[in-house]
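A.B. asks: Take this structure, written in structure tokens, and hold onto it; I'll ask about it next.
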Amino acid sequence: MRKALSGDLEVIEMINNSSLVGYVHSTFKRTINIHCVEDGELYTIASRQIDNGPNTLVIHSDSLEELNIDLNDPVVVKNTELLISNKLTIPIDRTKLWESILPEFPTNAEKAKKNLMRMKEYIDFHGKAGGMKKNIAAQSLYGTEMSKMLEERTRLLLHELLKIRMANGLHHAVSLIGLGPGLTPSGDDFLVGLFTMMNVRESPLYSHQSFCTEVVEKAKTLTNEISYMALKKASVGKVRESIIQLVNSVFYGEERDLNPSLNKVLNIGSSSGTDIALGLVCGLEANLKIGGQL
């Protein structure tokens with residue numbers, strides 16, 4: 001038995017309604033993904049080393065490998081407890097509820113403008129290369145060409161967003177899906193960051209948030225299921241707690257707030273965090289320019 005420490009509000013509601021039933025989709029050291037037969041989405045059981053996120057239940061465990069959970073193990077709910085085969089029982093009583101809510105875009109963007117510049121500089125120095133950020137020191141011919149494609153396609157996407165030519169932008173956004181290294185490809189991670197900024201209420205791009213769902217409609221067959229779920233959730237503004245904290249720090253924080261928040265995001269995956277952060281940069285830059293504040 002492992003106690004649930006915190007969980008996405010929607011996950012807790014599904015367990016309480018006995019509707020989170022399915023099978024184990026994939027297992028990793030710190031996460032187990034469950035395919036739900038009712039809605040077809042993936043739900044994640046995460047170790048306490050992972051932050052809160054959409055469709056995620058964080059449990060009292062540092063590593064999930066010792067649980068010996070296998071692919072296709074059945075998942076059911078009994079008496080508001082989540083059971084994975086006969087190997088793991090997760091009671092959810094007294095679980096801390098979490099909900100993904102992005103902050104509003106600031107009416108005075110001076111702090112956001114300063115933090116945008118700080119964020120770029122910090123990523124240049126501390127960001128992990130190999131995805132959206134070039135690995136100039138040691139990159140294969142394949143890696144060099146991949147970096148060129150990622151750079152060119154994101155540049156074209158930003159250009160169309162700034163012109164509010166969403167139909168043209170759709171083509172360039174879709175061209176990023178599944179592109180780049182990693183379990184969640186770099187192009188997907190970049191779009192997660194961009195979608196986050198497009199879903200910020202009161203931002204100049206907020207009225208065009210349907211663009212995100214249009215991209216996701218075309219993404220299903222272009223990337224893997226885990227990455228697709230991250231894109232699907234981000235398209236409606238549902239992202240990990242560390243990303244929300246970073247957005248809040250960019251909008252309203254000082255440098256002493258920004259750097260720790262940015263570090264948490266940069267430490268996601270191998271280059272995933274850096275790719276997400278660069279997507280946030282792109283989205284913030286677009287919002288500021290469209291709003292005439294940059």
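Convention: chains lettered A, B, ... in structure tokens order; per-chain residue numbering from 1; ligands numbered from 1 as shown.
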What are the DSSP helix (DSSP H, G or I) residues of range 32-186 of chain A, as a PyMOL selection string?

C.D. replies: chain A and resi 65-67+110-126+141-162+166-176+186

A.B. asks: May I have the residues within 12 Å of Lys120 in chain A as a list of chain:residue names, using only C-alpha atoms and disregarding those fewer than 5 positions away in the same chain?

C.D. replies: A:Lys113, A:Lys114, A:Asn115, A:Phe125, A:His126, A:Gly127, A:Lys133, A:Val250, A:Leu258, A:Asn259, A:Leu262, A:Thr274, A:Ala277, A:Leu278, A:Gly279, A:Leu280, A:Val281, A:Cys282, A:Leu284, A:Glu285

A.B. asks: Report the residues of range 90-151 of chain A whose backbone DSSP state falls under strand (DSSP E or B), written as number ranges by chain.

C.D. replies: A: 90-91, 96-98

A.B. asks: Would you list the contacts of Glu241 in chain A as a PyMOL selection string, taking every protein, DNA or RNA residue within 12 Å and counting only C-alpha atoms, but skipping same-chain residues closer than 3 positions in sequence?

C.D. replies: chain A and resi 6-8+50-54+56+98-103+196+237-238+244-248+261+264-265+268

A.B. asks: Which residues come within 9 Å of range 69-76 of chain A, counting only C-alpha atoms, excluding same-chain residues fewer than 5 positions away, as a compact mmCIF listing (two decimals) with all heavy atoms, in the first residue's frame?

C.D. replies:
# COMPACT_ATOMS: atom_id res chain seq x y z
N SER A 18 -15.39 5.79 -9.22
CA SER A 18 -15.02 4.45 -9.70
C SER A 18 -14.93 4.37 -11.23
O SER A 18 -15.22 3.33 -11.82
CB SER A 18 -16.03 3.41 -9.19
OG SER A 18 -16.04 3.37 -7.78
N SER A 19 -14.54 5.48 -11.86
CA SER A 19 -14.47 5.48 -13.33
C SER A 19 -13.04 5.42 -13.87
O SER A 19 -12.85 5.37 -15.09
CB SER A 19 -15.17 6.73 -13.88
OG SER A 19 -14.65 7.91 -13.32
N LEU A 20 -12.04 5.42 -12.98
CA LEU A 20 -10.66 5.28 -13.45
C LEU A 20 -10.31 3.79 -13.46
O LEU A 20 -9.73 3.24 -12.52
CB LEU A 20 -9.70 6.06 -12.55
CG LEU A 20 -8.20 6.04 -12.95
CD1 LEU A 20 -8.02 6.32 -14.43
CD2 LEU A 20 -7.41 7.03 -12.12
N VAL A 21 -10.68 3.15 -14.55
CA VAL A 21 -10.48 1.71 -14.71
C VAL A 21 -9.78 1.47 -16.04
O VAL A 21 -10.13 2.07 -17.06
CB VAL A 21 -11.83 0.96 -14.67
CG1 VAL A 21 -11.62 -0.53 -14.93
CG2 VAL A 21 -12.54 1.19 -13.35
N GLY A 22 -8.76 0.62 -16.02
CA GLY A 22 -8.05 0.37 -17.27
C GLY A 22 -6.91 -0.61 -17.09
O GLY A 22 -7.07 -1.63 -16.42
N TYR A 23 -5.75 -0.27 -17.65
CA TYR A 23 -4.60 -1.15 -17.57
C TYR A 23 -3.32 -0.32 -17.63
O TYR A 23 -3.33 0.84 -18.04
CB TYR A 23 -4.62 -2.17 -18.71
CG TYR A 23 -4.64 -1.55 -20.10
CD1 TYR A 23 -3.46 -1.20 -20.75
CD2 TYR A 23 -5.85 -1.29 -20.74
CE1 TYR A 23 -3.47 -0.62 -22.01
CE2 TYR A 23 -5.88 -0.71 -22.00
CZ TYR A 23 -4.69 -0.38 -22.63
OH TYR A 23 -4.71 0.21 -23.86
N VAL A 24 -2.23 -0.92 -17.19
CA VAL A 24 -0.94 -0.22 -17.18
C VAL A 24 -0.43 -0.08 -18.62
O VAL A 24 -0.28 -1.07 -19.34
CB VAL A 24 0.09 -0.97 -16.31
CG1 VAL A 24 1.47 -0.32 -16.45
CG2 VAL A 24 -0.36 -0.99 -14.85
N HIS A 25 -0.19 1.15 -18.99
CA HIS A 25 0.27 1.47 -20.35
C HIS A 25 1.79 1.43 -20.45
O HIS A 25 2.35 0.91 -21.43
CB HIS A 25 -0.25 2.86 -20.73
CG HIS A 25 0.33 3.43 -21.99
ND1 HIS A 25 1.54 4.12 -22.03
CD2 HIS A 25 -0.13 3.42 -23.27
CE1 HIS A 25 1.78 4.49 -23.26
NE2 HIS A 25 0.79 4.10 -24.03
N SER A 26 2.47 1.99 -19.43
CA SER A 26 3.94 2.08 -19.46
C SER A 26 4.44 2.32 -18.04
O SER A 26 3.74 2.87 -17.20
CB SER A 26 4.40 3.21 -20.39
OG SER A 26 3.69 4.40 -20.13
N THR A 27 5.67 1.89 -17.80
CA THR A 27 6.27 2.04 -16.47
C THR A 27 7.68 2.62 -16.59
O THR A 27 8.42 2.30 -17.51
CB THR A 27 6.35 0.70 -15.73
OG1 THR A 27 7.24 -0.18 -16.44
CG2 THR A 27 4.98 0.04 -15.62
N ILE A 32 4.20 5.63 -13.40
CA ILE A 32 3.45 4.54 -14.03
C ILE A 32 2.28 5.18 -14.74
O ILE A 32 1.51 5.94 -14.14
CB ILE A 32 2.93 3.53 -12.98
CG1 ILE A 32 4.10 2.86 -12.25
CG2 ILE A 32 2.02 2.50 -13.62
CD1 ILE A 32 3.66 2.08 -11.02
N ILE A 34 -1.31 4.85 -16.74
CA ILE A 34 -2.50 3.98 -16.83
C ILE A 34 -3.37 4.45 -17.98
O ILE A 34 -3.68 5.65 -18.09
CB ILE A 34 -3.30 4.04 -15.51
CG1 ILE A 34 -2.47 3.49 -14.36
CG2 ILE A 34 -4.63 3.30 -15.65
CD1 ILE A 34 -3.05 3.80 -12.99
N HIS A 35 -3.76 3.52 -18.83
CA HIS A 35 -4.71 3.82 -19.90
C HIS A 35 -6.11 3.60 -19.36
O HIS A 35 -6.45 2.50 -18.92
CB HIS A 35 -4.47 2.93 -21.12
CG HIS A 35 -5.42 3.19 -22.25
ND1 HIS A 35 -5.12 4.04 -23.28
CD2 HIS A 35 -6.67 2.72 -22.49
CE1 HIS A 35 -6.15 4.08 -24.11
NE2 HIS A 35 -7.10 3.29 -23.65
N CYS A 36 -6.92 4.65 -19.36
CA CYS A 36 -8.30 4.55 -18.86
C CYS A 36 -9.22 4.14 -20.00
O CYS A 36 -9.25 4.79 -21.05
CB CYS A 36 -8.74 5.89 -18.28
SG CYS A 36 -10.44 5.93 -17.72
N LEU A 64 9.31 3.75 -8.16
CA LEU A 64 8.20 2.84 -8.42
C LEU A 64 8.67 1.51 -9.00
O LEU A 64 7.87 0.60 -9.20
CB LEU A 64 7.19 3.50 -9.37
CG LEU A 64 6.67 4.88 -8.92
CD1 LEU A 64 5.57 5.36 -9.86
CD2 LEU A 64 6.15 4.82 -7.49
N GLU A 81 -10.36 3.24 -3.44
CA GLU A 81 -8.94 2.92 -3.48
C GLU A 81 -8.59 2.47 -4.89
O GLU A 81 -9.35 1.72 -5.52
CB GLU A 81 -8.58 1.80 -2.49
CG GLU A 81 -8.71 2.20 -1.04
CD GLU A 81 -8.30 1.09 -0.09
OE1 GLU A 81 -8.30 -0.09 -0.52
OE2 GLU A 81 -7.99 1.39 1.08
N LEU A 82 -7.45 2.94 -5.39
CA LEU A 82 -6.99 2.54 -6.71
C LEU A 82 -6.12 1.31 -6.58
O LEU A 82 -5.16 1.30 -5.81
CB LEU A 82 -6.20 3.68 -7.35
CG LEU A 82 -5.80 3.48 -8.82
CD1 LEU A 82 -7.03 3.50 -9.72
CD2 LEU A 82 -4.80 4.56 -9.25
N LEU A 83 -6.45 0.23 -7.31
CA LEU A 83 -5.71 -1.03 -7.22
C LEU A 83 -5.08 -1.36 -8.57
O LEU A 83 -5.76 -1.33 -9.61
CB LEU A 83 -6.64 -2.17 -6.81
CG LEU A 83 -7.07 -2.29 -5.34
CD1 LEU A 83 -8.01 -1.15 -4.94
CD2 LEU A 83 -7.78 -3.62 -5.12
N ILE A 84 -3.80 -1.65 -8.56
CA ILE A 84 -3.11 -2.14 -9.74
C ILE A 84 -2.80 -3.61 -9.51
O ILE A 84 -1.93 -3.95 -8.69
CB ILE A 84 -1.82 -1.35 -10.03
CG1 ILE A 84 -2.14 0.13 -10.24
CG2 ILE A 84 -1.12 -1.92 -11.27
CD1 ILE A 84 -0.92 0.99 -10.56
N SER A 85 -3.55 -4.48 -10.22
CA SER A 85 -3.45 -5.92 -10.02
C SER A 85 -3.54 -6.20 -8.51
O SER A 85 -4.35 -5.60 -7.81
CB SER A 85 -2.15 -6.44 -10.64
OG SER A 85 -2.11 -7.84 -10.64
N LYS A 87 -0.74 -5.83 -6.75
CA LYS A 87 0.60 -5.35 -6.42
C LYS A 87 0.63 -4.00 -5.72
O LYS A 87 1.59 -3.69 -5.01
CB LYS A 87 1.44 -5.26 -7.71
CG LYS A 87 1.55 -6.58 -8.46
CD LYS A 87 2.22 -6.40 -9.81
CE LYS A 87 2.29 -7.71 -10.57
NZ LYS A 87 2.89 -7.52 -11.91
N LEU A 88 -0.39 -3.20 -5.94
CA LEU A 88 -0.36 -1.85 -5.38
C LEU A 88 -1.77 -1.38 -5.07
O LEU A 88 -2.66 -1.45 -5.91
CB LEU A 88 0.30 -0.87 -6.36
CG LEU A 88 0.36 0.60 -5.94
CD1 LEU A 88 1.17 0.77 -4.66
CD2 LEU A 88 0.93 1.46 -7.06

A.B. asks: Do a neighbour search on Leu176 in chain A at 9 Å with only C-alpha atoms, toss out local chain neighbours closer than 3 positions, and write the hits as a PyMOL selection string.

C.D. replies: chain A and resi 149-150+153-154+172-173+179-180+185-188+190-191

A.B. asks: Calculated over only C-alpha atoms, which of the candidates A:Met198, A:Ile226, A:Leu266, A:Ile276 has the smallest distance to Ile290 in chain A?

C.D. replies: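 That would be A:Met198, the residue with the smallest distance to Ile290 in chain A.
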
A.B. asks: Which residue out of A:Pro91, A:Leu57, A:Gly291, A:Met14 has the minimum interatomic distance to Lys163 in chain A when only C-alpha atoms are used?

C.D. replies: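 Among the listed residues, A:Gly291 lies closest to Lys163 in chain A.
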
A.B. asks: Excluding same-chain residues fewer than 4 positions from Pro106 in chain A, what lies within 8 Å of it counting only C-alpha atoms, as JSON, numbers by chain?

C.D. replies: {"A": [112, 202, 251, 252]}

A.B. asks: Pick out the residues sitting within 8 Å of Ser203 in chain A, and hand them over as a ChimeraX atom specification; count only C-alpha atoms, and ignore anything fewer than 5 positions along from it in its own chain.

C.D. replies: /A:104-105,198,287

A.B. asks: Work out how far apart CA of Ala286 in chain A and CA of Lys128 in chain A are and give it in Å to one decimal.

C.D. replies: 23.2 Å
